[in-house]
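The structure file input_24.cif is reproduced below (mmCIF, N, CA and C atoms).
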data_query
loop_
_atom_site.label_atom_id
_atom_site.label_comp_id
_atom_site.auth_asym_id
_atom_site.auth_seq_id
_atom_site.Cartn_x
_atom_site.Cartn_y
_atom_site.Cartn_z
N MET A 909 -34.32 34.33 -46.54
CA MET A 909 -32.97 34.36 -47.09
C MET A 909 -31.96 34.47 -45.95
N ALA A 910 -30.90 33.70 -46.02
CA ALA A 910 -29.86 33.71 -45.00
C ALA A 910 -29.05 34.99 -45.07
N LEU A 911 -28.57 35.42 -43.91
CA LEU A 911 -27.71 36.60 -43.88
C LEU A 911 -26.37 36.32 -44.53
N PHE A 912 -25.92 35.07 -44.40
CA PHE A 912 -24.64 34.67 -44.98
C PHE A 912 -24.89 33.49 -45.90
N PRO A 913 -24.21 33.42 -47.01
CA PRO A 913 -24.42 32.25 -47.89
C PRO A 913 -23.94 30.97 -47.21
N LEU A 914 -24.62 29.89 -47.51
CA LEU A 914 -24.19 28.60 -46.97
C LEU A 914 -22.89 28.18 -47.65
N PRO A 915 -22.04 27.46 -46.91
CA PRO A 915 -20.83 26.93 -47.55
C PRO A 915 -21.22 26.01 -48.70
N ASP A 916 -20.43 25.99 -49.74
CA ASP A 916 -20.72 25.17 -50.92
C ASP A 916 -21.02 23.71 -50.59
N PRO A 917 -20.27 23.07 -49.66
CA PRO A 917 -20.58 21.66 -49.37
C PRO A 917 -22.00 21.48 -48.82
N MET A 918 -22.45 22.37 -47.94
CA MET A 918 -23.80 22.22 -47.41
C MET A 918 -24.84 22.54 -48.48
N ARG A 919 -24.54 23.47 -49.34
CA ARG A 919 -25.45 23.77 -50.46
C ARG A 919 -25.60 22.51 -51.32
N ARG A 920 -24.51 21.83 -51.60
CA ARG A 920 -24.57 20.60 -52.39
C ARG A 920 -25.34 19.51 -51.64
N ALA A 921 -25.12 19.40 -50.34
CA ALA A 921 -25.85 18.41 -49.54
C ALA A 921 -27.35 18.68 -49.59
N LEU A 922 -27.75 19.94 -49.53
CA LEU A 922 -29.18 20.29 -49.64
C LEU A 922 -29.73 19.94 -51.03
N ASP A 923 -28.93 20.16 -52.06
CA ASP A 923 -29.35 19.76 -53.42
C ASP A 923 -29.55 18.25 -53.49
N LEU A 924 -28.66 17.50 -52.87
CA LEU A 924 -28.78 16.04 -52.85
C LEU A 924 -30.02 15.60 -52.07
N ALA A 925 -30.33 16.32 -51.00
CA ALA A 925 -31.54 16.02 -50.22
C ALA A 925 -32.78 16.20 -51.09
N ARG A 926 -32.78 17.23 -51.91
CA ARG A 926 -33.91 17.45 -52.82
C ARG A 926 -34.05 16.28 -53.82
N ILE A 927 -32.92 15.80 -54.31
CA ILE A 927 -32.93 14.66 -55.23
C ILE A 927 -33.53 13.44 -54.52
N ALA A 928 -33.12 13.21 -53.27
CA ALA A 928 -33.67 12.09 -52.51
C ALA A 928 -35.19 12.20 -52.42
N ALA A 929 -35.68 13.39 -52.13
CA ALA A 929 -37.13 13.60 -52.02
C ALA A 929 -37.82 13.30 -53.34
N GLU A 930 -37.21 13.71 -54.45
CA GLU A 930 -37.79 13.42 -55.76
C GLU A 930 -37.89 11.92 -56.02
N TRP A 931 -37.00 11.16 -55.43
CA TRP A 931 -37.00 9.70 -55.58
C TRP A 931 -37.91 9.02 -54.56
N GLY A 932 -38.55 9.82 -53.70
CA GLY A 932 -39.41 9.27 -52.66
C GLY A 932 -38.67 8.84 -51.42
N GLU A 933 -37.42 9.26 -51.30
CA GLU A 933 -36.61 8.95 -50.13
C GLU A 933 -36.66 10.12 -49.15
N VAL A 934 -36.44 9.85 -47.88
CA VAL A 934 -36.37 10.93 -46.89
C VAL A 934 -35.26 11.88 -47.34
N PRO A 935 -35.55 13.18 -47.41
CA PRO A 935 -34.59 14.13 -47.98
C PRO A 935 -33.41 14.46 -47.08
N VAL A 936 -32.38 13.65 -47.21
CA VAL A 936 -31.11 13.88 -46.51
C VAL A 936 -30.00 13.73 -47.54
N GLY A 937 -29.07 14.68 -47.52
CA GLY A 937 -27.92 14.64 -48.41
C GLY A 937 -26.64 14.82 -47.62
N ALA A 938 -25.54 14.29 -48.14
CA ALA A 938 -24.25 14.38 -47.46
C ALA A 938 -23.12 14.48 -48.47
N VAL A 939 -22.08 15.20 -48.10
CA VAL A 939 -20.87 15.26 -48.91
C VAL A 939 -19.65 15.12 -48.00
N VAL A 940 -18.60 14.52 -48.55
CA VAL A 940 -17.31 14.41 -47.86
C VAL A 940 -16.35 15.36 -48.55
N VAL A 941 -15.64 16.14 -47.75
CA VAL A 941 -14.70 17.13 -48.25
C VAL A 941 -13.31 16.81 -47.73
N LYS A 942 -12.33 16.88 -48.63
CA LYS A 942 -10.92 16.74 -48.23
C LYS A 942 -10.14 17.84 -48.93
N ASP A 943 -9.34 18.54 -48.17
CA ASP A 943 -8.52 19.63 -48.71
C ASP A 943 -9.36 20.64 -49.50
N GLY A 944 -10.55 20.93 -48.99
CA GLY A 944 -11.41 21.94 -49.61
C GLY A 944 -12.17 21.49 -50.84
N GLU A 945 -12.08 20.22 -51.20
CA GLU A 945 -12.74 19.71 -52.40
C GLU A 945 -13.72 18.60 -52.04
N ILE A 946 -14.90 18.63 -52.63
CA ILE A 946 -15.86 17.55 -52.43
C ILE A 946 -15.33 16.32 -53.16
N ILE A 947 -15.10 15.24 -52.40
CA ILE A 947 -14.56 14.02 -53.00
C ILE A 947 -15.61 12.91 -53.08
N ALA A 948 -16.73 13.08 -52.36
CA ALA A 948 -17.77 12.05 -52.38
C ALA A 948 -19.09 12.66 -51.93
N GLU A 949 -20.17 12.04 -52.35
CA GLU A 949 -21.48 12.55 -51.98
C GLU A 949 -22.49 11.42 -51.98
N GLY A 950 -23.61 11.67 -51.33
CA GLY A 950 -24.67 10.69 -51.31
C GLY A 950 -25.95 11.30 -50.79
N HIS A 951 -27.04 10.60 -51.07
CA HIS A 951 -28.32 10.98 -50.48
C HIS A 951 -29.00 9.71 -50.02
N ASN A 952 -29.99 9.86 -49.18
CA ASN A 952 -30.71 8.69 -48.70
C ASN A 952 -31.20 7.86 -49.87
N ALA A 953 -31.01 6.54 -49.79
CA ALA A 953 -31.45 5.65 -50.87
C ALA A 953 -31.82 4.26 -50.37
N PRO A 954 -32.31 4.10 -49.13
CA PRO A 954 -32.64 2.75 -48.67
C PRO A 954 -33.76 2.09 -49.47
N ARG A 955 -34.75 2.85 -49.88
CA ARG A 955 -35.85 2.26 -50.64
C ARG A 955 -35.41 1.86 -52.04
N GLU A 956 -34.72 2.77 -52.69
CA GLU A 956 -34.26 2.53 -54.06
C GLU A 956 -33.29 1.34 -54.12
N SER A 957 -32.40 1.27 -53.14
CA SER A 957 -31.36 0.23 -53.16
C SER A 957 -31.74 -1.02 -52.38
N HIS A 958 -32.89 -0.99 -51.71
CA HIS A 958 -33.30 -2.10 -50.85
C HIS A 958 -32.22 -2.41 -49.82
N ASP A 959 -31.67 -1.33 -49.25
CA ASP A 959 -30.57 -1.45 -48.30
C ASP A 959 -30.85 -0.51 -47.13
N PRO A 960 -31.18 -1.04 -45.96
CA PRO A 960 -31.49 -0.18 -44.82
C PRO A 960 -30.31 0.65 -44.34
N THR A 961 -29.11 0.31 -44.76
CA THR A 961 -27.93 1.09 -44.36
C THR A 961 -27.60 2.20 -45.35
N ALA A 962 -28.37 2.37 -46.40
CA ALA A 962 -28.05 3.36 -47.44
C ALA A 962 -28.50 4.77 -47.05
N HIS A 963 -28.08 5.19 -45.87
CA HIS A 963 -28.30 6.57 -45.45
C HIS A 963 -27.29 7.44 -46.19
N ALA A 964 -27.60 8.71 -46.32
CA ALA A 964 -26.75 9.64 -47.06
C ALA A 964 -25.31 9.60 -46.58
N GLU A 965 -25.12 9.60 -45.27
CA GLU A 965 -23.77 9.61 -44.71
C GLU A 965 -23.00 8.35 -45.08
N ILE A 966 -23.65 7.20 -44.99
CA ILE A 966 -23.00 5.93 -45.29
C ILE A 966 -22.63 5.87 -46.77
N VAL A 967 -23.54 6.30 -47.63
CA VAL A 967 -23.27 6.31 -49.07
C VAL A 967 -22.05 7.18 -49.36
N ALA A 968 -22.01 8.37 -48.78
CA ALA A 968 -20.89 9.29 -49.01
C ALA A 968 -19.58 8.75 -48.42
N ILE A 969 -19.65 8.18 -47.22
CA ILE A 969 -18.45 7.63 -46.59
C ILE A 969 -17.90 6.47 -47.41
N ARG A 970 -18.77 5.59 -47.87
CA ARG A 970 -18.31 4.46 -48.71
C ARG A 970 -17.63 4.96 -49.98
N MET A 971 -18.22 5.96 -50.62
CA MET A 971 -17.65 6.50 -51.84
C MET A 971 -16.28 7.14 -51.57
N ALA A 972 -16.18 7.89 -50.47
CA ALA A 972 -14.90 8.54 -50.13
C ALA A 972 -13.83 7.50 -49.82
N ALA A 973 -14.18 6.47 -49.06
CA ALA A 973 -13.20 5.43 -48.72
C ALA A 973 -12.71 4.72 -49.98
N ALA A 974 -13.61 4.45 -50.91
CA ALA A 974 -13.22 3.81 -52.17
C ALA A 974 -12.30 4.73 -52.97
N LYS A 975 -12.65 6.01 -53.02
CA LYS A 975 -11.85 6.95 -53.79
C LYS A 975 -10.44 7.09 -53.21
N LEU A 976 -10.35 7.14 -51.87
CA LEU A 976 -9.05 7.31 -51.22
C LEU A 976 -8.32 5.99 -51.04
N GLY A 977 -9.02 4.87 -51.23
CA GLY A 977 -8.38 3.57 -51.04
C GLY A 977 -8.01 3.32 -49.60
N ASN A 978 -8.85 3.82 -48.68
CA ASN A 978 -8.55 3.69 -47.26
C ASN A 978 -9.85 3.79 -46.47
N GLU A 979 -10.00 2.91 -45.47
CA GLU A 979 -11.21 2.97 -44.65
C GLU A 979 -11.18 4.13 -43.66
N ARG A 980 -10.02 4.70 -43.45
CA ARG A 980 -9.89 5.86 -42.56
C ARG A 980 -9.86 7.12 -43.40
N LEU A 981 -10.77 8.01 -43.08
CA LEU A 981 -10.90 9.25 -43.84
C LEU A 981 -10.27 10.40 -43.07
N ASP A 982 -9.02 10.19 -42.67
CA ASP A 982 -8.28 11.21 -41.92
C ASP A 982 -8.25 12.52 -42.71
N GLY A 983 -8.52 13.62 -42.01
CA GLY A 983 -8.48 14.93 -42.64
C GLY A 983 -9.72 15.26 -43.45
N CYS A 984 -10.73 14.40 -43.42
CA CYS A 984 -11.96 14.65 -44.18
C CYS A 984 -13.04 15.24 -43.28
N ASP A 985 -13.88 16.04 -43.89
CA ASP A 985 -15.04 16.62 -43.23
C ASP A 985 -16.30 16.04 -43.86
N LEU A 986 -17.36 15.91 -43.07
CA LEU A 986 -18.65 15.45 -43.56
C LEU A 986 -19.67 16.54 -43.33
N HIS A 987 -20.38 16.90 -44.38
CA HIS A 987 -21.47 17.87 -44.32
C HIS A 987 -22.75 17.11 -44.61
N VAL A 988 -23.71 17.15 -43.68
CA VAL A 988 -24.96 16.41 -43.85
C VAL A 988 -26.13 17.29 -43.39
N THR A 989 -27.26 17.13 -44.05
CA THR A 989 -28.38 18.02 -43.80
C THR A 989 -29.15 17.72 -42.52
N LEU A 990 -28.97 16.54 -41.94
CA LEU A 990 -29.70 16.15 -40.74
C LEU A 990 -28.74 15.53 -39.74
N GLU A 991 -28.99 15.78 -38.47
CA GLU A 991 -28.18 15.17 -37.41
C GLU A 991 -28.11 13.65 -37.63
N PRO A 992 -26.91 13.09 -37.66
CA PRO A 992 -26.76 11.65 -37.91
C PRO A 992 -27.41 10.77 -36.84
N CYS A 993 -27.92 9.63 -37.29
CA CYS A 993 -28.47 8.61 -36.40
C CYS A 993 -27.32 7.84 -35.76
N ALA A 994 -27.64 6.88 -34.90
CA ALA A 994 -26.61 6.10 -34.22
C ALA A 994 -25.74 5.32 -35.21
N MET A 995 -26.36 4.71 -36.22
CA MET A 995 -25.58 3.95 -37.21
C MET A 995 -24.58 4.86 -37.91
N CYS A 996 -25.05 6.01 -38.36
CA CYS A 996 -24.18 6.92 -39.11
C CYS A 996 -23.12 7.55 -38.22
N ALA A 997 -23.49 7.89 -36.98
CA ALA A 997 -22.51 8.44 -36.05
C ALA A 997 -21.41 7.41 -35.79
N GLY A 998 -21.79 6.15 -35.67
CA GLY A 998 -20.79 5.10 -35.50
C GLY A 998 -19.86 5.00 -36.69
N ALA A 999 -20.42 5.10 -37.89
CA ALA A 999 -19.60 5.06 -39.11
C ALA A 999 -18.67 6.27 -39.17
N ILE A 1000 -19.15 7.42 -38.77
CA ILE A 1000 -18.33 8.64 -38.75
C ILE A 1000 -17.14 8.44 -37.82
N ALA A 1001 -17.39 7.87 -36.64
CA ALA A 1001 -16.31 7.62 -35.68
C ALA A 1001 -15.32 6.60 -36.25
N HIS A 1002 -15.81 5.50 -36.81
CA HIS A 1002 -14.91 4.47 -37.34
C HIS A 1002 -14.11 4.98 -38.54
N ALA A 1003 -14.69 5.87 -39.32
CA ALA A 1003 -13.99 6.43 -40.49
C ALA A 1003 -13.00 7.52 -40.08
N ARG A 1004 -13.06 7.94 -38.84
CA ARG A 1004 -12.16 8.99 -38.32
C ARG A 1004 -12.37 10.33 -39.03
N ILE A 1005 -13.63 10.65 -39.34
CA ILE A 1005 -13.97 11.96 -39.92
C ILE A 1005 -13.49 13.04 -38.95
N ALA A 1006 -12.80 14.05 -39.48
CA ALA A 1006 -12.24 15.10 -38.62
C ALA A 1006 -13.31 16.06 -38.10
N ARG A 1007 -14.19 16.51 -38.99
CA ARG A 1007 -15.21 17.49 -38.62
C ARG A 1007 -16.55 17.08 -39.23
N LEU A 1008 -17.59 17.21 -38.41
CA LEU A 1008 -18.96 16.94 -38.84
C LEU A 1008 -19.72 18.25 -38.80
N TYR A 1009 -20.32 18.60 -39.93
CA TYR A 1009 -21.19 19.77 -40.04
C TYR A 1009 -22.58 19.25 -40.37
N TYR A 1010 -23.58 19.61 -39.56
CA TYR A 1010 -24.92 19.16 -39.92
C TYR A 1010 -25.93 20.29 -39.79
N GLY A 1011 -27.04 20.11 -40.51
CA GLY A 1011 -28.08 21.14 -40.56
C GLY A 1011 -29.10 21.00 -39.46
N ALA A 1012 -30.19 20.29 -39.73
CA ALA A 1012 -31.31 20.19 -38.80
C ALA A 1012 -31.04 19.20 -37.68
N ASP A 1013 -31.50 19.55 -36.49
CA ASP A 1013 -31.48 18.62 -35.36
C ASP A 1013 -32.50 17.52 -35.61
N ASP A 1014 -32.26 16.35 -35.02
CA ASP A 1014 -33.20 15.24 -35.10
C ASP A 1014 -33.45 14.72 -33.68
N PRO A 1015 -34.35 15.38 -32.94
CA PRO A 1015 -34.61 14.97 -31.56
C PRO A 1015 -35.08 13.53 -31.41
N LYS A 1016 -35.74 12.99 -32.43
CA LYS A 1016 -36.27 11.63 -32.35
C LYS A 1016 -35.22 10.57 -32.72
N GLY A 1017 -34.47 10.79 -33.79
CA GLY A 1017 -33.55 9.76 -34.28
C GLY A 1017 -32.09 10.13 -34.25
N GLY A 1018 -31.76 11.35 -33.88
CA GLY A 1018 -30.37 11.79 -33.88
C GLY A 1018 -29.57 11.14 -32.77
N ALA A 1019 -28.26 11.05 -32.97
CA ALA A 1019 -27.39 10.42 -31.97
C ALA A 1019 -26.16 11.25 -31.67
N VAL A 1020 -26.18 12.52 -32.08
CA VAL A 1020 -25.04 13.40 -31.83
C VAL A 1020 -25.38 14.35 -30.68
N ALA A 1021 -26.41 15.15 -30.86
CA ALA A 1021 -26.86 16.08 -29.82
C ALA A 1021 -28.07 15.53 -29.06
N HIS A 1022 -28.66 14.47 -29.56
CA HIS A 1022 -29.85 13.87 -28.97
C HIS A 1022 -29.61 12.38 -28.76
N GLY A 1023 -30.58 11.72 -28.14
CA GLY A 1023 -30.50 10.28 -27.96
C GLY A 1023 -29.22 9.86 -27.27
N PRO A 1024 -28.50 8.90 -27.86
CA PRO A 1024 -27.32 8.36 -27.18
C PRO A 1024 -26.10 9.28 -27.13
N ARG A 1025 -26.13 10.37 -27.88
CA ARG A 1025 -24.98 11.30 -27.92
C ARG A 1025 -23.67 10.51 -28.03
N LEU A 1026 -23.60 9.80 -29.12
CA LEU A 1026 -22.53 8.81 -29.33
C LEU A 1026 -21.12 9.35 -29.09
N PHE A 1027 -20.83 10.56 -29.57
CA PHE A 1027 -19.47 11.07 -29.46
C PHE A 1027 -19.11 11.46 -28.03
N ALA A 1028 -20.11 11.58 -27.16
CA ALA A 1028 -19.85 11.91 -25.75
C ALA A 1028 -19.61 10.67 -24.90
N GLN A 1029 -19.80 9.49 -25.48
CA GLN A 1029 -19.62 8.25 -24.74
C GLN A 1029 -18.13 7.94 -24.55
N PRO A 1030 -17.76 7.44 -23.38
CA PRO A 1030 -16.34 7.11 -23.15
C PRO A 1030 -15.82 6.01 -24.08
N THR A 1031 -16.72 5.23 -24.66
CA THR A 1031 -16.31 4.14 -25.55
C THR A 1031 -16.19 4.58 -27.00
N ALA A 1032 -16.46 5.85 -27.31
CA ALA A 1032 -16.36 6.33 -28.69
C ALA A 1032 -14.91 6.18 -29.17
N HIS A 1033 -14.74 5.57 -30.34
CA HIS A 1033 -13.42 5.36 -30.91
C HIS A 1033 -12.76 6.67 -31.32
N HIS A 1034 -13.58 7.59 -31.75
CA HIS A 1034 -13.08 8.86 -32.29
C HIS A 1034 -14.18 9.89 -32.12
N ARG A 1035 -13.80 11.11 -31.84
CA ARG A 1035 -14.76 12.20 -31.67
C ARG A 1035 -14.44 13.32 -32.65
N PRO A 1036 -15.25 13.47 -33.68
CA PRO A 1036 -15.00 14.58 -34.61
C PRO A 1036 -15.39 15.91 -33.96
N GLU A 1037 -14.85 16.99 -34.47
CA GLU A 1037 -15.37 18.30 -34.10
C GLU A 1037 -16.77 18.36 -34.71
N VAL A 1038 -17.73 18.91 -33.98
CA VAL A 1038 -19.12 18.95 -34.45
C VAL A 1038 -19.60 20.39 -34.53
N TYR A 1039 -20.18 20.74 -35.67
CA TYR A 1039 -20.76 22.06 -35.91
C TYR A 1039 -22.18 21.84 -36.40
N ASP A 1040 -23.15 22.37 -35.66
CA ASP A 1040 -24.55 22.12 -36.02
C ASP A 1040 -25.25 23.40 -36.48
N GLY A 1041 -26.43 23.21 -37.04
CA GLY A 1041 -27.27 24.34 -37.42
C GLY A 1041 -26.95 24.98 -38.76
N ILE A 1042 -26.06 24.40 -39.55
CA ILE A 1042 -25.69 24.98 -40.83
C ILE A 1042 -26.76 24.62 -41.86
N GLY A 1043 -27.49 25.62 -42.32
CA GLY A 1043 -28.59 25.37 -43.26
C GLY A 1043 -29.77 24.68 -42.59
N ALA A 1044 -29.87 24.80 -41.28
CA ALA A 1044 -30.89 24.08 -40.51
C ALA A 1044 -32.31 24.42 -40.97
N GLY A 1045 -32.59 25.67 -41.20
CA GLY A 1045 -33.94 26.07 -41.60
C GLY A 1045 -34.36 25.43 -42.91
N GLU A 1046 -33.48 25.47 -43.88
CA GLU A 1046 -33.78 24.89 -45.20
C GLU A 1046 -33.89 23.37 -45.11
N ALA A 1047 -32.98 22.76 -44.35
CA ALA A 1047 -33.02 21.30 -44.20
C ALA A 1047 -34.29 20.86 -43.49
N ALA A 1048 -34.67 21.57 -42.44
CA ALA A 1048 -35.89 21.23 -41.70
C ALA A 1048 -37.12 21.41 -42.57
N ALA A 1049 -37.13 22.46 -43.38
CA ALA A 1049 -38.28 22.71 -44.28
C ALA A 1049 -38.43 21.58 -45.29
N LEU A 1050 -37.32 21.10 -45.83
CA LEU A 1050 -37.38 19.97 -46.78
C LEU A 1050 -38.02 18.75 -46.12
N LEU A 1051 -37.61 18.47 -44.90
CA LEU A 1051 -38.15 17.32 -44.18
C LEU A 1051 -39.63 17.52 -43.85
N ARG A 1052 -39.99 18.70 -43.35
CA ARG A 1052 -41.40 19.00 -43.03
C ARG A 1052 -42.28 18.84 -44.25
N ASP A 1053 -41.86 19.43 -45.36
CA ASP A 1053 -42.65 19.36 -46.60
C ASP A 1053 -42.78 17.91 -47.08
N PHE A 1054 -41.70 17.17 -46.99
CA PHE A 1054 -41.70 15.77 -47.44
C PHE A 1054 -42.73 14.96 -46.65
N PHE A 1055 -42.67 15.07 -45.33
CA PHE A 1055 -43.57 14.26 -44.50
C PHE A 1055 -45.01 14.79 -44.54
N ALA A 1056 -45.19 16.10 -44.69
CA ALA A 1056 -46.54 16.66 -44.79
C ALA A 1056 -47.24 16.15 -46.05
N ALA A 1057 -46.51 15.97 -47.12
CA ALA A 1057 -47.08 15.48 -48.38
C ALA A 1057 -47.50 14.01 -48.28
N ARG A 1058 -46.99 13.30 -47.29
CA ARG A 1058 -47.31 11.88 -47.14
C ARG A 1058 -48.40 11.62 -46.13
N ARG A 1059 -48.88 12.64 -45.47
CA ARG A 1059 -49.92 12.47 -44.45
C ARG A 1059 -51.28 12.66 -45.03
#

Starting from the file, give its structure as structure tokens.
Amino acid sequence: MALFPLPDPMRRALDLARIAAEWGEVPVGAVVVKDGEIIAEGHNAPRESHDPTAHAEIVAIRMAAAKLGNERLDGCDLHVTLEPCAMCAGAIAHARIARLYYGADDPKGGAVAHGPRLFAQPTAHHRPEVYDGIGAGEAAALLRDFFAARR
């Protein structure tokens, strides 16, 4: 049990990750928050949608952009259960997400604190504030359990 409760957006992202796992997708969930309200959400769905770009972050960003009627998500925060990959980090930069909160590190596929460290590159269009480790234990356990069941 955590010493402090997780923020509601990360709790919702973890719930979405569980839904993804139930669908046979890698358990990753994401929510977009603006002015303290969740305005969009998504979970991994590449298998279900036959779309390799249907990562949780992309699904949530697309939904938020449609809701706001703007490709720039100025003033929005993204909460995601796993460190974003290069594709998702690029989308976060292009969408101008203000703050990124993520749970578990992804040493193999992550692109924020690992791999290409996209936001540290001089060519990055935009650099969100990054906060890691939020709900990391629970997010990592979901991923471990998911992959252990498939071995």

(request) Quick one: pick out all strand (DSSP E or B) residues within chain A from a backbone DSSP run and write them as a ChimeraX atom specification. (result) /A:937-942,945-951,984-990,1007-1012,1037-1040

Would you give me, as a tab-separated table, each residue of segment 930-997 of chain A having an atom within 9 Å of an atom of segment 1045-1055 of chain A, along with its shortest atom pair and that distance in Å to one decimal, using only C-alpha atoms and sorting by chain and residue number?
residue	atom	partner	partner_atom	distance
A:Gly932	CA	A:Phe1054	CA	8.6
A:Glu933	CA	A:Phe1054	CA	8.9
A:Val934	CA	A:Leu1051	CA	7.2
A:Pro935	CA	A:Leu1051	CA	6.1
A:Val936	CA	A:Ala1047	CA	8.0
A:Thr989	CA	A:Ala1047	CA	5.7
A:Leu990	CA	A:Ala1047	CA	7.0

(request) Please provide as a list in words all residues within 6 Å of His951 of chain A, with the sequence filter that same-chain residues fewer than 6 positions apart are discarded (counting all atoms listed in the file). (result)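 The filter keeps Leu924, Ala925, Ala928, Val936, Gly937, Ala938, Ala962, His963, Ala964 and Ala968 of chain A.
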
(message) So that I can see what lies close to Glu991 of chain A, please list as a list in words the residues with an atom at most 6.5 Å from it, counting all atoms listed in the file and leaving out residues fewer than 2 positions away in the same chain.
(response)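 Final neighbour list, sorted by chain and number: Val988, Thr989, Cys993, Tyr1010, Gly1011, Ala1012, Asp1013, Asp1014, Gly1017, Gly1018, Ala1019 and Val1020 of chain A.
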
First collect every listed atom of segment 931-942 of chain A; then fit an axis-aligned box around them, widen it by 6 Å on each side, and give centre and edge lengths in Å to one decimal, as AutoDock Vina command-line options.
--center_x -24.8 --center_y 13.3 --center_z -51.0 --size_x 41.3 --size_y 21.0 --size_z 21.1

(message) I need the residues in chain A that are helix (DSSP H, G or I) according to DSSP; give them as JSON, numbers by chain.
(response) {"A": [916, 917, 918, 919, 920, 921, 922, 923, 924, 925, 926, 927, 928, 929, 930, 954, 955, 956, 957, 964, 965, 966, 967, 968, 969, 970, 971, 972, 973, 974, 975, 976, 994, 995, 996, 997, 998, 999, 1000, 1001, 1002, 1003, 1026, 1027, 1028, 1044, 1045, 1046, 1047, 1048, 1049, 1050, 1051, 1052, 1053, 1054, 1055, 1056, 1057]}

(request) Identify the residues within 5 Å of coordinate (-23.1, 10.9, -47.9) (same frame as the file), considering only N, CA and C atoms, and give the answer as a list in words. (result) Ala938, Val939, Glu949, Gly950, Ala964, Glu965, Ile966, Val967, Ala968 and Ile969 of chain A

(request) Mind checking which residues fall within 7 Å of Leu1008 of chain A, counting only N, CA and C atoms, ignoring those fewer than 5 positions away in the same chain, and posting them as a count of residues only? (result) 10

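Nearest to Arg1035 of chain A of all the residues A:Ala1001, A:Ala921, A:Met995, A:Ile927 is A:Ala1001, counting only C-alpha atoms.
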
Assuming the chain letters and numbering stay as they are in my file, what does the PyMOL selection byres (((chain A and resi 975 and name CA) around 12) and name CA) actually select? List them as an mmCIF file with N, CA and C atoms, in the coordinates of the input.
data_model
loop_
_atom_site.group_PDB
_atom_site.id
_atom_site.type_symbol
_atom_site.label_atom_id
_atom_site.label_comp_id
_atom_site.auth_asym_id
_atom_site.auth_seq_id
_atom_site.Cartn_x
_atom_site.Cartn_y
_atom_site.Cartn_z
ATOM 1 N N VAL A 940 -18.600 14.520 -48.550
ATOM 2 C CA VAL A 940 -17.310 14.410 -47.860
ATOM 3 C C VAL A 940 -16.350 15.360 -48.550
ATOM 4 N N VAL A 941 -15.640 16.140 -47.750
ATOM 5 C CA VAL A 941 -14.700 17.130 -48.250
ATOM 6 C C VAL A 941 -13.310 16.810 -47.730
ATOM 7 N N LYS A 942 -12.330 16.880 -48.630
ATOM 8 C CA LYS A 942 -10.920 16.740 -48.230
ATOM 9 C C LYS A 942 -10.140 17.840 -48.930
ATOM 10 N N ILE A 946 -14.900 18.630 -52.630
ATOM 11 C CA ILE A 946 -15.860 17.550 -52.430
ATOM 12 C C ILE A 946 -15.330 16.320 -53.160
ATOM 13 N N ILE A 947 -15.100 15.240 -52.400
ATOM 14 C CA ILE A 947 -14.560 14.020 -53.000
ATOM 15 C C ILE A 947 -15.610 12.910 -53.080
ATOM 16 N N ALA A 948 -16.730 13.080 -52.360
ATOM 17 C CA ALA A 948 -17.770 12.050 -52.380
ATOM 18 C C ALA A 948 -19.090 12.660 -51.930
ATOM 19 N N GLU A 949 -20.170 12.040 -52.350
ATOM 20 C CA GLU A 949 -21.480 12.550 -51.980
ATOM 21 C C GLU A 949 -22.490 11.420 -51.980
ATOM 22 N N ALA A 968 -22.010 8.370 -48.780
ATOM 23 C CA ALA A 968 -20.890 9.290 -49.010
ATOM 24 C C ALA A 968 -19.580 8.750 -48.420
ATOM 25 N N ILE A 969 -19.650 8.180 -47.220
ATOM 26 C CA ILE A 969 -18.450 7.630 -46.590
ATOM 27 C C ILE A 969 -17.900 6.470 -47.410
ATOM 28 N N ARG A 970 -18.770 5.590 -47.870
ATOM 29 C CA ARG A 970 -18.310 4.460 -48.710
ATOM 30 C C ARG A 970 -17.630 4.960 -49.980
ATOM 31 N N MET A 971 -18.220 5.960 -50.620
ATOM 32 C CA MET A 971 -17.650 6.500 -51.840
ATOM 33 C C MET A 971 -16.280 7.140 -51.570
ATOM 34 N N ALA A 972 -16.180 7.890 -50.470
ATOM 35 C CA ALA A 972 -14.900 8.540 -50.130
ATOM 36 C C ALA A 972 -13.830 7.500 -49.820
ATOM 37 N N ALA A 973 -14.180 6.470 -49.060
ATOM 38 C CA ALA A 973 -13.200 5.430 -48.720
ATOM 39 C C ALA A 973 -12.710 4.720 -49.980
ATOM 40 N N ALA A 974 -13.610 4.450 -50.910
ATOM 41 C CA ALA A 974 -13.220 3.810 -52.170
ATOM 42 C C ALA A 974 -12.300 4.730 -52.970
ATOM 43 N N LEU A 976 -10.350 7.140 -51.870
ATOM 44 C CA LEU A 976 -9.050 7.310 -51.220
ATOM 45 C C LEU A 976 -8.320 5.990 -51.040
ATOM 46 N N GLY A 977 -9.020 4.870 -51.230
ATOM 47 C CA GLY A 977 -8.380 3.570 -51.040
ATOM 48 C C GLY A 977 -8.010 3.320 -49.600
ATOM 49 N N ASN A 978 -8.850 3.820 -48.680
ATOM 50 C CA ASN A 978 -8.550 3.690 -47.260
ATOM 51 C C ASN A 978 -9.850 3.790 -46.470
ATOM 52 N N GLU A 979 -10.000 2.910 -45.470
ATOM 53 C CA GLU A 979 -11.210 2.970 -44.650
ATOM 54 C C GLU A 979 -11.180 4.130 -43.660
ATOM 55 N N ARG A 980 -10.020 4.700 -43.450
ATOM 56 C CA ARG A 980 -9.890 5.860 -42.560
ATOM 57 C C ARG A 980 -9.860 7.120 -43.400
ATOM 58 N N LEU A 981 -10.770 8.010 -43.080
ATOM 59 C CA LEU A 981 -10.900 9.250 -43.840
ATOM 60 C C LEU A 981 -10.270 10.400 -43.070
#

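Atom N of Gln1029 of chain A is positioned 28.6 Å from atom C of Arg920 of chain A.
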
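Between Arg1025 of chain A and the candidates A:Ala997, A:Ala929, A:Ala1057, A:Ala1003, the tightest atom-to-atom separation, counting only C-alpha atoms, involves A:Ala997.
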
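What separates atom CA of Gly983 of chain A from atom CA of Ala1006 of chain A is a distance of 5.5 Å.
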